[in-house]
Amino acid sequence: MIRLLIIASVLANPVLAESPAIRDVIATPTGAGWYIDVTLAHPDTGWDHYADGWRIEDEKGNVLATRTLLHPHVNEQPFTRGLAVEQELPARIVVRASCNVDGWAATATPVEFSR
């Protein structure tokens, strides 16, 4: 398992009060690509406002993979969910989170890794 270096610390960047915060990203190489685990924190209040996904982008903003979250995690904060990405990824990606009220966060967390 490879622990990723998160370049932009969540504490160093101001986060909007309702935006999901990316707390950790872990990538595990697989034969065909990667398994990515992302830990999010968000003040979920129930179905009316919750973190509803995260995605992997390249540095140009092209979406490489998306993990949809189908329900609130009110009593499970922070929480981690994974995604199998069956392709090679560039050495530098960004991870962006979303909530069902505010949509995709304006800021993303840059991540560097290698096999």
# chains A, B, ... in the order shown; residues from 1 in each chain; ligands from 1
>>> residues_around(residues="Trp34 of chain A", least_positions_apart="4", cutoff="10 Å", atoms="only C-alpha atoms", output="list in words")
Ile26, Ala27, Thr28, Pro29, Thr30, Leu83, Ala84, Val85, Glu86, Gln87, Glu88, Leu89 and Arg115 of chain A
>>> write_last_selection(atoms="N, CA and C atoms", output="short mmCIF file (atom, residue, chain, number, x, y, z; two decimals), in the first residue's frame")
data_model
loop_
_atom_site.label_atom_id
_atom_site.label_comp_id
_atom_site.auth_asym_id
_atom_site.auth_seq_id
_atom_site.Cartn_x
_atom_site.Cartn_y
_atom_site.Cartn_z
N ILE A 26 -5.30 7.53 -0.03
CA ILE A 26 -4.39 6.39 -0.06
C ILE A 26 -4.61 5.66 -1.38
N ALA A 27 -3.53 5.36 -2.07
CA ALA A 27 -3.62 4.62 -3.34
C ALA A 27 -2.88 3.30 -3.21
N THR A 28 -3.53 2.25 -3.65
CA THR A 28 -2.93 0.93 -3.67
C THR A 28 -2.86 0.47 -5.12
N PRO A 29 -1.64 0.19 -5.62
CA PRO A 29 -1.55 -0.27 -7.02
C PRO A 29 -2.21 -1.63 -7.19
N THR A 30 -2.89 -1.79 -8.32
CA THR A 30 -3.47 -3.09 -8.69
C THR A 30 -2.87 -3.47 -10.04
N LEU A 83 -12.47 3.50 -4.47
CA LEU A 83 -12.85 3.40 -5.87
C LEU A 83 -11.74 2.69 -6.62
N ALA A 84 -12.10 1.66 -7.39
CA ALA A 84 -11.15 0.99 -8.28
C ALA A 84 -11.04 1.80 -9.56
N VAL A 85 -9.82 2.16 -9.92
CA VAL A 85 -9.55 2.91 -11.15
C VAL A 85 -8.71 1.99 -12.03
N GLU A 86 -9.34 1.47 -13.07
CA GLU A 86 -8.67 0.49 -13.91
C GLU A 86 -7.96 1.13 -15.08
N GLN A 87 -7.08 2.07 -14.75
CA GLN A 87 -6.24 2.72 -15.74
C GLN A 87 -5.02 3.27 -15.02
N GLU A 88 -3.98 3.53 -15.74
CA GLU A 88 -2.82 4.19 -15.17
C GLU A 88 -3.19 5.64 -14.90
N LEU A 89 -2.71 6.18 -13.81
CA LEU A 89 -2.96 7.57 -13.47
C LEU A 89 -1.67 8.36 -13.59
N ARG A 115 4.37 4.36 -8.46
CA ARG A 115 4.32 2.92 -8.17
C ARG A 115 5.54 2.50 -7.41
#
>>> residues_around(residues="Val94 of chain A", least_positions_apart="6", cutoff="10 Å", atoms="only C-alpha atoms", output="PyMOL selection string")
chain A and resi 6-7+55-64+107-112
>>> select_by_dssp(residues="chain A", states="strand (DSSP E or B)", output="number ranges by chain")
A: 2-3, 5-6, 21-29, 34-41, 46, 49, 51-57, 63-68, 79-85, 92-99, 103-104, 109-112
>>> residues_around(residues="Thr80 of chain A", least_positions_apart="4", cutoff="7 Å", atoms="only C-alpha atoms", output="list in words")
Asp37, Val38, Thr39 and Leu40 of chain A
>>> write_last_selection(atoms="N, CA, C and O atoms", output="PDB file, in the first residue's frame")
ATOM      1  N   ASP A  37      -8.541   5.215  -1.920  1.00  0.00           N
ATOM      2  CA  ASP A  37      -9.371   5.471  -0.746  1.00  0.00           C
ATOM      3  C   ASP A  37      -9.269   6.947  -0.406  1.00  0.00           C
ATOM      4  O   ASP A  37      -8.155   7.490  -0.308  1.00  0.00           O
ATOM      5  N   VAL A  38     -10.403   7.594  -0.230  1.00  0.00           N
ATOM      6  CA  VAL A  38     -10.449   9.003   0.143  1.00  0.00           C
ATOM      7  C   VAL A  38     -11.245   9.140   1.426  1.00  0.00           C
ATOM      8  O   VAL A  38     -12.342   8.587   1.545  1.00  0.00           O
ATOM      9  N   THR A  39     -10.671   9.860   2.386  1.00  0.00           N
ATOM     10  CA  THR A  39     -11.352  10.141   3.643  1.00  0.00           C
ATOM     11  C   THR A  39     -11.874  11.568   3.588  1.00  0.00           C
ATOM     12  O   THR A  39     -11.114  12.505   3.327  1.00  0.00           O
ATOM     13  N   LEU A  40     -13.188  11.719   3.810  1.00  0.00           N
ATOM     14  CA  LEU A  40     -13.858  13.019   3.784  1.00  0.00           C
ATOM     15  C   LEU A  40     -14.443  13.347   5.154  1.00  0.00           C
ATOM     16  O   LEU A  40     -14.842  12.445   5.891  1.00  0.00           O
TER      17      LEU A  40
END
>>> residues_around(residues="Gly46 of chain A", least_positions_apart="3", cutoff="10 Å", atoms="only C-alpha atoms", output="list in words")
Pro43, His49, Tyr50, Ala51, His71, Pro72, His73, Val74 and Asn75 of chain A
>>> residues_around(residues="segment 17-21 of chain A", least_positions_apart="2", cutoff="8 Å", atoms="only C-alpha atoms", output="list in words")
Val10, Val15, Arg23, Leu40, Ala41, His42, Pro43, Ala51, Ala97, Ser98, Cys99, Asp102 and Ala105 of chain A
>>> write_last_selection(atoms="N, CA, C and O atoms", output="PDB file, in the first residue's frame")
ATOM      1  N   VAL A  10      -5.217  20.393   4.355  1.00  0.00           N
ATOM      2  CA  VAL A  10      -6.573  20.886   4.583  1.00  0.00           C
ATOM      3  C   VAL A  10      -6.536  22.066   5.548  1.00  0.00           C
ATOM      4  O   VAL A  10      -7.276  23.033   5.409  1.00  0.00           O
ATOM      5  N   VAL A  15     -11.429  26.313   4.081  1.00  0.00           N
ATOM      6  CA  VAL A  15     -12.467  25.477   3.502  1.00  0.00           C
ATOM      7  C   VAL A  15     -13.807  26.128   3.810  1.00  0.00           C
ATOM      8  O   VAL A  15     -14.048  26.567   4.929  1.00  0.00           O
ATOM      9  N   ARG A  23      -9.535  14.634   3.943  1.00  0.00           N
ATOM     10  CA  ARG A  23      -8.617  14.436   5.069  1.00  0.00           C
ATOM     11  C   ARG A  23      -7.440  13.525   4.723  1.00  0.00           C
ATOM     12  O   ARG A  23      -6.377  13.657   5.302  1.00  0.00           O
ATOM     13  N   LEU A  40     -13.188  11.719   3.810  1.00  0.00           N
ATOM     14  CA  LEU A  40     -13.858  13.019   3.784  1.00  0.00           C
ATOM     15  C   LEU A  40     -14.443  13.347   5.154  1.00  0.00           C
ATOM     16  O   LEU A  40     -14.842  12.445   5.891  1.00  0.00           O
ATOM     17  N   ALA A  41     -14.526  14.641   5.429  1.00  0.00           N
ATOM     18  CA  ALA A  41     -15.271  15.138   6.583  1.00  0.00           C
ATOM     19  C   ALA A  41     -16.227  16.203   6.060  1.00  0.00           C
ATOM     20  O   ALA A  41     -15.853  17.028   5.222  1.00  0.00           O
ATOM     21  N   HIS A  42     -17.468  16.141   6.525  1.00  0.00           N
ATOM     22  CA  HIS A  42     -18.482  17.102   6.096  1.00  0.00           C
ATOM     23  C   HIS A  42     -19.570  17.140   7.156  1.00  0.00           C
ATOM     24  O   HIS A  42     -19.953  16.101   7.688  1.00  0.00           O
ATOM     25  N   PRO A  43     -20.097  18.314   7.465  1.00  0.00           N
ATOM     26  CA  PRO A  43     -21.153  18.386   8.478  1.00  0.00           C
ATOM     27  C   PRO A  43     -22.501  17.918   7.927  1.00  0.00           C
ATOM     28  O   PRO A  43     -23.456  18.691   7.837  1.00  0.00           O
ATOM     29  N   ALA A  51     -22.324  15.088   1.946  1.00  0.00           N
ATOM     30  CA  ALA A  51     -21.267  14.880   0.957  1.00  0.00           C
ATOM     31  C   ALA A  51     -21.737  13.785   0.006  1.00  0.00           C
ATOM     32  O   ALA A  51     -22.064  12.686   0.444  1.00  0.00           O
ATOM     33  N   ALA A  97     -14.036  17.111  -3.911  1.00  0.00           N
ATOM     34  CA  ALA A  97     -15.228  16.567  -3.257  1.00  0.00           C
ATOM     35  C   ALA A  97     -16.459  17.383  -3.622  1.00  0.00           C
ATOM     36  O   ALA A  97     -16.363  18.512  -4.111  1.00  0.00           O
ATOM     37  N   SER A  98     -17.636  16.798  -3.351  1.00  0.00           N
ATOM     38  CA  SER A  98     -18.905  17.430  -3.672  1.00  0.00           C
ATOM     39  C   SER A  98     -19.905  17.197  -2.556  1.00  0.00           C
ATOM     40  O   SER A  98     -19.822  16.205  -1.827  1.00  0.00           O
ATOM     41  N   CYS A  99     -20.869  18.116  -2.432  1.00  0.00           N
ATOM     42  CA  CYS A  99     -22.016  17.876  -1.570  1.00  0.00           C
ATOM     43  C   CYS A  99     -23.276  18.171  -2.380  1.00  0.00           C
ATOM     44  O   CYS A  99     -23.225  18.868  -3.396  1.00  0.00           O
ATOM     45  N   ASP A 102     -24.093  22.279  -2.447  1.00  0.00           N
ATOM     46  CA  ASP A 102     -23.147  23.233  -3.030  1.00  0.00           C
ATOM     47  C   ASP A 102     -22.451  22.731  -4.286  1.00  0.00           C
ATOM     48  O   ASP A 102     -21.748  23.496  -4.940  1.00  0.00           O
ATOM     49  N   ALA A 105     -16.621  21.246  -5.054  1.00  0.00           N
ATOM     50  CA  ALA A 105     -15.845  22.273  -4.357  1.00  0.00           C
ATOM     51  C   ALA A 105     -14.993  23.055  -5.348  1.00  0.00           C
ATOM     52  O   ALA A 105     -14.503  22.507  -6.344  1.00  0.00           O
TER      53      ALA A 105
END
>>> atom_distance(atom1="atom CA of Ile93 of chain A", atom2="atom CA of Thr68 of chain A")
18.3 Å
